[in-house]
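Okay, structure.csv is below, CSV, C-alpha atoms:
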```csv
chain,number,residue,atom,x,y,z
A,1,MET,CA,122.9,89.4,76.2
A,2,THR,CA,126.6,89.8,76.1
A,3,GLU,CA,129.1,87.3,77.4
A,4,ILE,CA,129.6,89.3,80.5
A,5,ASP,CA,125.9,89.2,81.1
A,6,ASP,CA,125.9,85.4,80.8
A,7,MET,CA,128.8,85.2,83.2
A,8,LEU,CA,127.1,87.5,85.7
A,9,ARG,CA,123.9,85.4,85.4
A,10,ASP,CA,125.8,82.1,86.0
A,11,ASN,CA,127.6,83.7,89.0
A,12,LEU,CA,124.5,85.0,90.6
A,13,GLN,CA,122.5,81.8,90.1
A,14,ARG,CA,125.3,79.6,91.4
A,15,SER,CA,125.8,82.0,94.3
A,16,TRP,CA,122.1,81.9,95.0
A,17,ARG,CA,121.9,78.1,95.1
A,18,ALA,CA,125.0,78.0,97.4
A,19,MET,CA,123.5,80.7,99.7
A,20,VAL,CA,120.0,79.3,100.1
A,21,ASP,CA,120.8,76.0,101.8
A,22,ARG,CA,117.2,75.1,102.7
A,23,GLU,CA,114.7,73.9,100.2
A,24,PRO,CA,111.6,76.2,99.7
A,25,SER,CA,108.6,75.2,101.7
A,26,GLY,CA,106.5,72.7,99.7
A,27,PHE,CA,103.7,74.0,97.6
A,28,ASP,CA,101.0,71.8,99.1
A,29,ALA,CA,101.8,72.8,102.6
A,30,VAL,CA,101.8,76.5,101.8
A,31,TRP,CA,98.7,76.2,99.7
A,32,HIS,CA,96.8,74.3,102.4
A,33,LEU,CA,97.7,77.0,105.0
A,34,ALA,CA,96.6,79.7,102.5
A,35,GLU,CA,93.3,78.0,102.0
A,36,THR,CA,92.7,77.7,105.7
A,37,ARG,CA,93.6,81.3,106.2
A,38,HIS,CA,91.2,82.3,103.4
A,39,MET,CA,88.4,80.2,104.8
A,40,ARG,CA,88.9,81.6,108.3
A,41,ARG,CA,88.9,85.1,107.0
A,42,ARG,CA,85.7,84.4,105.0
A,43,CYS,CA,84.0,83.0,108.1
A,44,VAL,CA,84.9,86.0,110.2
A,45,ARG,CA,83.6,88.3,107.5
A,46,HIS,CA,80.3,86.4,107.3
A,47,ALA,CA,80.0,86.4,111.1
A,48,ALA,CA,80.5,90.1,111.1
A,49,VAL,CA,77.8,90.7,108.5
A,50,ALA,CA,75.4,88.4,110.3
A,51,ALA,CA,76.0,90.2,113.6
A,52,GLY,CA,75.4,93.5,111.8
A,53,ILE,CA,72.1,92.3,110.4
A,54,VAL,CA,71.0,90.9,113.7
A,55,THR,CA,71.8,94.3,115.4
A,56,VAL,CA,69.9,96.3,112.8
A,57,MET,CA,66.9,93.9,113.0
A,58,ALA,CA,66.9,94.1,116.8
A,59,LEU,CA,66.9,97.9,116.6
A,60,VAL,CA,64.1,98.0,114.1
A,61,LEU,CA,61.9,95.6,116.0
A,62,LYS,CA,62.5,97.4,119.3
A,63,SER,CA,61.6,100.8,117.8
A,64,GLY,CA,58.4,99.2,116.2
A,65,VAL,CA,56.8,98.0,119.4
A,66,PRO,CA,54.6,100.7,121.1
A,67,SER,CA,55.7,101.5,124.6
A,68,ASP,CA,53.4,102.1,127.6
A,69,ASP,CA,54.1,105.8,127.5
A,70,THR,CA,52.1,106.3,124.4
A,71,ALA,CA,48.8,104.9,125.9
A,72,TYR,CA,46.4,107.8,125.5
A,73,ILE,CA,44.0,107.4,128.4
A,74,GLU,CA,44.4,105.8,131.8
A,75,ILE,CA,41.2,103.8,132.2
A,76,ALA,CA,41.4,103.9,136.0
A,77,GLU,CA,41.9,107.6,136.0
A,78,LEU,CA,38.9,108.1,133.7
A,79,PHE,CA,36.5,106.1,135.9
A,80,GLU,CA,37.6,107.6,139.3
A,81,SER,CA,37.1,111.2,138.4
A,82,THR,CA,35.1,113.5,136.3
A,83,SER,CA,38.1,115.6,135.4
A,84,TRP,CA,40.7,114.5,133.0
A,85,SER,CA,43.8,116.0,131.7
A,86,ALA,CA,45.6,115.0,128.6
A,87,PRO,CA,48.9,113.2,129.1
A,88,SER,CA,51.9,115.2,128.2
A,89,ASP,CA,51.2,115.4,124.5
A,90,ALA,CA,52.4,118.6,122.9
A,91,LEU,CA,49.6,118.4,120.3
A,92,LEU,CA,46.8,118.6,122.9
A,93,PRO,CA,45.8,121.9,124.7
A,94,GLU,CA,47.1,122.2,128.2
A,95,ARG,CA,43.7,122.7,129.8
A,96,GLU,CA,42.0,120.9,132.6
A,97,PHE,CA,38.3,121.2,133.0
A,98,ASP,CA,35.4,119.6,134.7
A,99,ILE,CA,32.9,118.6,132.1
A,100,TYR,CA,29.9,119.3,134.3
A,101,GLU,CA,31.0,122.6,135.5
A,102,ASP,CA,33.1,124.2,132.8
A,103,ILE,CA,31.6,123.1,129.5
A,104,PRO,CA,28.3,125.2,129.7
A,105,SER,CA,30.3,128.3,130.2
A,106,PHE,CA,32.2,128.1,126.9
A,107,ILE,CA,29.6,126.4,124.7
A,108,GLU,CA,27.2,129.1,123.9
A,109,SER,CA,24.5,126.8,122.7
A,110,THR,CA,24.0,125.6,126.3
A,111,GLU,CA,23.0,129.1,127.5
A,112,PRO,CA,19.2,129.2,128.3
A,113,VAL,CA,17.3,131.4,125.9
A,114,GLY,CA,13.8,132.1,127.0
A,115,GLY,CA,13.9,129.3,129.5
A,116,ALA,CA,15.0,126.8,127.0
A,117,LEU,CA,18.3,125.6,125.7
A,118,LEU,CA,19.0,126.2,122.0
B,119,MET,CA,87.1,79.6,80.3
B,120,ARG,CA,88.0,78.0,83.5
B,121,ASP,CA,90.5,75.2,83.9
B,122,GLY,CA,89.7,72.2,86.0
B,123,ASP,CA,91.6,73.4,89.0
B,124,ALA,CA,91.0,77.2,88.4
B,125,LEU,CA,90.4,79.2,91.4
B,126,GLU,CA,86.8,80.2,92.2
B,127,ASN,CA,87.5,83.9,92.5
B,128,ASN,CA,90.3,84.0,89.9
B,129,PRO,CA,89.2,82.0,86.9
B,130,HIS,CA,92.4,82.6,84.9
B,131,VAL,CA,94.6,81.2,87.7
B,132,SER,CA,95.0,77.5,88.3
B,133,ARG,CA,96.5,75.7,91.2
B,134,SER,CA,98.8,73.7,88.9
B,135,ALA,CA,100.1,77.0,87.3
B,136,LEU,CA,100.9,78.3,90.7
B,137,GLU,CA,102.6,75.1,91.7
B,138,ALA,CA,104.8,75.4,88.6
B,139,ILE,CA,106.1,78.8,89.6
B,140,HIS,CA,106.1,78.2,93.4
B,141,SER,CA,109.9,77.8,93.9
B,142,GLN,CA,110.5,81.0,91.9
B,143,VAL,CA,108.0,82.9,93.9
B,144,PHE,CA,109.4,81.5,97.1
B,145,GLY,CA,112.9,82.6,96.1
B,146,TRP,CA,111.7,86.1,95.4
B,147,ALA,CA,109.8,86.2,98.7
B,148,LEU,CA,113.0,85.0,100.5
B,149,SER,CA,115.1,87.8,99.2
B,150,ARG,CA,112.3,90.3,100.0
B,151,CYS,CA,112.4,89.0,103.6
B,152,ASN,CA,116.2,89.2,104.1
B,153,PHE,CA,116.4,85.4,103.7
B,154,ASP,CA,114.2,84.7,106.7
B,155,HIS,CA,112.6,81.3,105.7
B,156,MET,CA,109.5,81.6,108.0
B,157,ALA,CA,108.8,85.2,106.9
B,158,ALA,CA,109.1,84.2,103.2
B,159,GLU,CA,106.7,81.3,103.7
B,160,ASP,CA,104.2,83.6,105.4
B,161,LEU,CA,104.5,86.1,102.6
B,162,VAL,CA,103.9,83.5,99.9
B,163,GLN,CA,100.9,82.2,101.9
B,164,GLN,CA,99.5,85.7,102.0
B,165,ALA,CA,100.0,86.1,98.3
B,166,TYR,CA,98.0,82.9,97.7
B,167,VAL,CA,95.3,84.2,100.0
B,168,GLU,CA,95.1,87.3,97.9
B,169,LEU,CA,94.6,85.2,94.8
B,170,LEU,CA,92.1,82.8,96.5
B,171,SER,CA,90.0,85.7,97.8
B,172,GLY,CA,90.1,87.4,94.4
B,173,ARG,CA,91.4,90.7,95.9
B,174,ALA,CA,94.3,90.3,93.5
B,175,ARG,CA,92.6,89.5,90.2
B,176,PHE,CA,94.6,88.1,87.3
B,177,ASP,CA,93.2,89.0,83.9
B,178,ASN,CA,95.9,87.7,81.6
B,179,LYS,CA,97.4,91.1,80.8
B,180,SER,CA,100.8,89.9,81.9
B,181,SER,CA,102.3,86.5,82.7
B,182,LEU,CA,101.1,84.8,85.9
B,183,LYS,CA,104.7,84.8,87.2
B,184,THR,CA,105.0,88.6,86.8
B,185,PHE,CA,101.6,89.0,88.4
B,186,VAL,CA,102.4,86.9,91.5
B,187,PHE,CA,105.8,88.5,91.9
B,188,ALA,CA,104.1,91.9,91.9
B,189,ILE,CA,101.7,90.7,94.6
B,190,VAL,CA,104.6,89.6,96.8
B,191,GLN,CA,106.4,93.0,96.1
B,192,ASN,CA,103.2,94.9,97.1
B,193,LEU,CA,102.7,92.9,100.2
B,194,VAL,CA,106.2,93.6,101.3
B,195,ARG,CA,105.8,97.3,100.6
B,196,SER,CA,102.6,97.5,102.7
B,197,ARG,CA,104.1,95.4,105.5
B,198,TYR,CA,107.3,97.5,105.5
B,199,ARG,CA,105.2,100.7,105.6
B,200,ARG,CA,103.3,99.4,108.6
B,201,LEU,CA,106.5,98.2,110.3
B,202,ALA,CA,108.2,101.5,109.6
B,203,SER,CA,105.3,103.5,111.0
B,204,ARG,CA,105.3,101.4,114.2
B,205,LEU,CA,109.0,101.7,114.6
B,206,ARG,CA,108.7,105.5,114.1
B,207,LEU,CA,106.0,105.6,116.7
B,208,ALA,CA,108.1,103.5,119.1
B,209,ALA,CA,111.2,105.6,118.4
B,210,ASN,CA,109.2,108.8,119.1
B,211,LEU,CA,107.8,107.4,122.4
B,212,ALA,CA,111.1,106.0,123.6
B,213,ALA,CA,113.3,108.7,122.0
B,214,GLN,CA,115.6,105.9,120.8
B,215,PRO,CA,115.8,106.0,117.0
B,216,ARG,CA,118.5,103.3,117.0
B,217,ASP,CA,115.8,100.7,117.0
B,218,ILE,CA,115.4,101.2,113.3
B,219,ALA,CA,119.0,100.1,112.6
B,220,VAL,CA,118.3,96.8,114.3
B,221,ILE,CA,116.3,95.6,111.3
B,222,ALA,CA,119.1,96.5,108.8
B,223,ASP,CA,121.6,94.5,110.9
B,224,GLU,CA,119.7,91.2,110.6
B,225,PRO,CA,121.6,88.4,108.9
B,226,GLY,CA,121.5,89.1,105.2
B,227,PRO,CA,123.0,87.2,102.2
B,228,ARG,CA,126.2,85.2,102.5
B,229,GLY,CA,128.7,85.0,99.6
B,230,GLU,CA,130.6,87.8,98.0
B,231,VAL,CA,128.5,88.0,94.9
B,232,TRP,CA,125.2,88.5,96.8
B,233,LYS,CA,126.9,90.9,99.2
B,234,ALA,CA,127.9,92.9,96.1
B,235,VAL,CA,124.3,92.7,94.8
B,236,TYR,CA,122.9,93.7,98.2
B,237,ALA,CA,125.2,96.7,98.4
B,238,LEU,CA,123.4,98.2,95.3
B,239,PRO,CA,120.6,100.6,95.7
B,240,ALA,CA,117.3,98.9,96.3
B,241,ARG,CA,115.8,99.2,92.8
B,242,GLN,CA,119.1,98.2,91.1
B,243,ARG,CA,119.3,95.2,93.3
B,244,ASP,CA,115.7,94.2,92.6
B,245,ILE,CA,116.1,94.4,88.8
B,246,ILE,CA,119.3,92.5,88.8
B,247,GLU,CA,117.7,89.7,90.9
B,248,LEU,CA,114.6,89.6,88.7
B,249,VAL,CA,116.4,89.5,85.4
B,250,PHE,CA,119.4,87.3,86.3
B,251,CYS,CA,117.9,85.0,88.9
B,252,ARG,CA,114.2,84.9,88.3
B,253,GLU,CA,114.5,84.9,84.5
B,254,LEU,CA,112.2,87.8,83.8
B,255,THR,CA,112.7,90.3,81.0
B,256,ILE,CA,113.5,93.9,81.8
B,257,GLU,CA,109.9,94.8,80.9
B,258,GLU,CA,108.4,92.2,83.2
B,259,ALA,CA,110.8,93.1,86.0
B,260,SER,CA,109.9,96.8,85.6
B,261,SER,CA,106.2,95.8,85.9
B,262,VAL,CA,106.9,93.8,89.1
B,263,MET,CA,108.7,96.8,90.5
B,264,GLY,CA,106.0,99.2,89.5
B,265,VAL,CA,108.3,101.4,87.4
B,266,SER,CA,108.2,102.3,83.7
B,267,ILE,CA,110.3,100.2,81.3
B,268,GLY,CA,112.5,103.2,80.6
B,269,THR,CA,113.3,103.6,84.3
B,270,GLY,CA,113.8,99.8,84.6
B,271,ARG,CA,116.4,99.9,81.8
B,272,VAL,CA,118.2,102.8,83.5
B,273,HIS,CA,118.3,100.8,86.8
B,274,TYR,CA,119.4,97.7,85.0
B,275,ASP,CA,122.3,99.4,83.1
B,276,ARG,CA,123.5,101.2,86.2
B,277,ALA,CA,123.3,98.0,88.3
B,278,LYS,CA,125.3,96.0,85.8
B,279,LYS,CA,128.0,98.6,85.6
B,280,ALA,CA,128.2,98.9,89.4
B,281,LEU,CA,128.2,95.2,89.8
B,282,ARG,CA,130.9,94.7,87.2
B,283,THR,CA,133.1,97.2,88.9
B,284,LYS,CA,132.6,95.8,92.4
B,285,LEU,CA,133.2,92.2,91.3
B,286,ALA,CA,136.2,93.2,89.3
B,287,ASP,CA,137.6,95.0,92.4
B,288,THR,CA,137.2,92.0,94.6
B,289,SER,CA,138.0,89.6,91.6
B,290,VAL,CA,135.1,87.5,92.8
B,291,THR,CA,133.9,86.9,89.2
B,292,GLN,CA,137.1,85.0,88.4
B,293,ASN,CA,137.2,83.1,91.7
B,294,ASP,CA,133.6,82.1,91.5
B,295,ARG,CA,134.0,80.8,88.1
B,296,ASN,CA,136.9,78.5,89.1
```
Can you present the structure in this file as structure tokens?
Amino acid sequence: MTEIDDMLRDNLQRSWRAMVDREPSGFDAVWHLAETRHMRRRCVRHAAVAAGIVTVMALVLKSGVPSDDTAYIEIAELFESTSWSAPSDALLPEREFDIYEDIPSFIESTEPVGGALL
Amino acid sequence: MRDGDALENNPHVSRSALEAIHSQVFGWALSRCNFDHMAAEDLVQQAYVELLSGRARFDNKSSLKTFVFAIVQNLVRSRYRRLASRLRLAANLAAQPRDIAVIADEPGPRGEVWKAVYALPARQRDIIELVFCRELTIEEASSVMGVSIGTGRVHYDRAKKALRTKLADTSVTQNDRN
């Protein structure tokens, strides 16, 4: 550092002190506010995580409960009629039949042979 | 090894160490905020929040003072970027770009010496303040500013030359000394 540097330093420091007429805010006050802000932010983050977990759990639980639509056979329908059609299930054949009338025609073993069923 | 009052998320930083450099950090924040006391307090507070949360993690690679100064500098940069983008957006919507000039016209430093410092380009001004007022070395100041030490030295030399010329022109140096 040269003499001019020292002079410049003195000047700037003196000028700074003259210019900044207010004392800096106390450390304790600033620190306390920072801690409060930090805690608040942490609470908000935890609340957001908890809300996310609750939402996911609600979705999982809801999708796990079988709905009424998946019931396979309507009991009342079964007892009131001899014909039955499968509910709209893509895996089942779209065929309606009367078990007393239709079945013998497509089960060969029910055809009488020599007056007797096979 | 944690000190007694070390921070939970920043084991190498203690409350007492921060208290020791608080006034220096506040001074740096003050000049970053165009000498607005409230804004500086908010900025220092935010820097402490960064340390408390561990988002800014000190690992003893530099001095704590350099590290905290760099946090303040980065916070100002990100705030300025946000503010600048908002102002650009507002200017585009209102088609009145003069709004941007309002910020520059806010009350700045008083006193001839600081006016001369503030007339320097931003990086020269910063390095002069960090070296002469905040007692950092050129290397530390460069680290705070996020530039290489070579670049820091260039800014420092240019700033000193410019400042000497300006102060000699206005003969402030002599007046202030008396």
Near chain B, which residues of chain A fall within 6 Å when you count only C-alpha atoms, and what do they look like as an MDAnalysis selection string? chainID A and resid 9 13 19 30 34 38
Kindly give the distance, in Å, that separates atom CA of A:Val44 and atom CA of A:Met57, rounded to a single decimal.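 Those two atoms sit 19.9 Å apart.
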Measure the distance from atom CA of B:Arg276 to atom CA of A:Asp10 in Å and round it to one decimal. 19.2 Å
Would you pick out the contacts of stretch 261-270 of chain B at 12 Å or less, using all atoms listed in the file, so that residues sharing its chain but fewer than 2 positions from it are not included, and give the list as a compact mmCIF listing (two decimals) with C-alpha atoms, keeping the file's coordinate frame?
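File written: around00.txt
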```txt
# COMPACT_ATOMS: atom_id res chain seq x y z
CA VAL B 143 108.00 82.90 93.90
CA TRP B 146 111.70 86.10 95.40
CA LYS B 179 97.40 91.10 80.80
CA SER B 180 100.80 89.90 81.90
CA SER B 181 102.30 86.50 82.70
CA LEU B 182 101.10 84.80 85.90
CA LYS B 183 104.70 84.80 87.20
CA THR B 184 105.00 88.60 86.80
CA PHE B 185 101.60 89.00 88.40
CA VAL B 186 102.40 86.90 91.50
CA PHE B 187 105.80 88.50 91.90
CA ALA B 188 104.10 91.90 91.90
CA ILE B 189 101.70 90.70 94.60
CA VAL B 190 104.60 89.60 96.80
CA GLN B 191 106.40 93.00 96.10
CA ASN B 192 103.20 94.90 97.10
CA LEU B 193 102.70 92.90 100.20
CA VAL B 194 106.20 93.60 101.30
CA ARG B 195 105.80 97.30 100.60
CA ALA B 240 117.30 98.90 96.30
CA ARG B 241 115.80 99.20 92.80
CA GLN B 242 119.10 98.20 91.10
CA ARG B 243 119.30 95.20 93.30
CA ASP B 244 115.70 94.20 92.60
CA ILE B 245 116.10 94.40 88.80
CA ILE B 246 119.30 92.50 88.80
CA GLU B 247 117.70 89.70 90.90
CA LEU B 248 114.60 89.60 88.70
CA VAL B 249 116.40 89.50 85.40
CA ARG B 252 114.20 84.90 88.30
CA LEU B 254 112.20 87.80 83.80
CA THR B 255 112.70 90.30 81.00
CA ILE B 256 113.50 93.90 81.80
CA GLU B 257 109.90 94.80 80.90
CA GLU B 258 108.40 92.20 83.20
CA ALA B 259 110.80 93.10 86.00
CA VAL B 272 118.20 102.80 83.50
CA HIS B 273 118.30 100.80 86.80
CA TYR B 274 119.40 97.70 85.00
CA ASP B 275 122.30 99.40 83.10
CA ARG B 276 123.50 101.20 86.20
CA ALA B 277 123.30 98.00 88.30
```
Using atom CA of B:Leu201 and atom CA of B:Cys151 as the two end points, give the distance in Å to one decimal. 12.8 Å
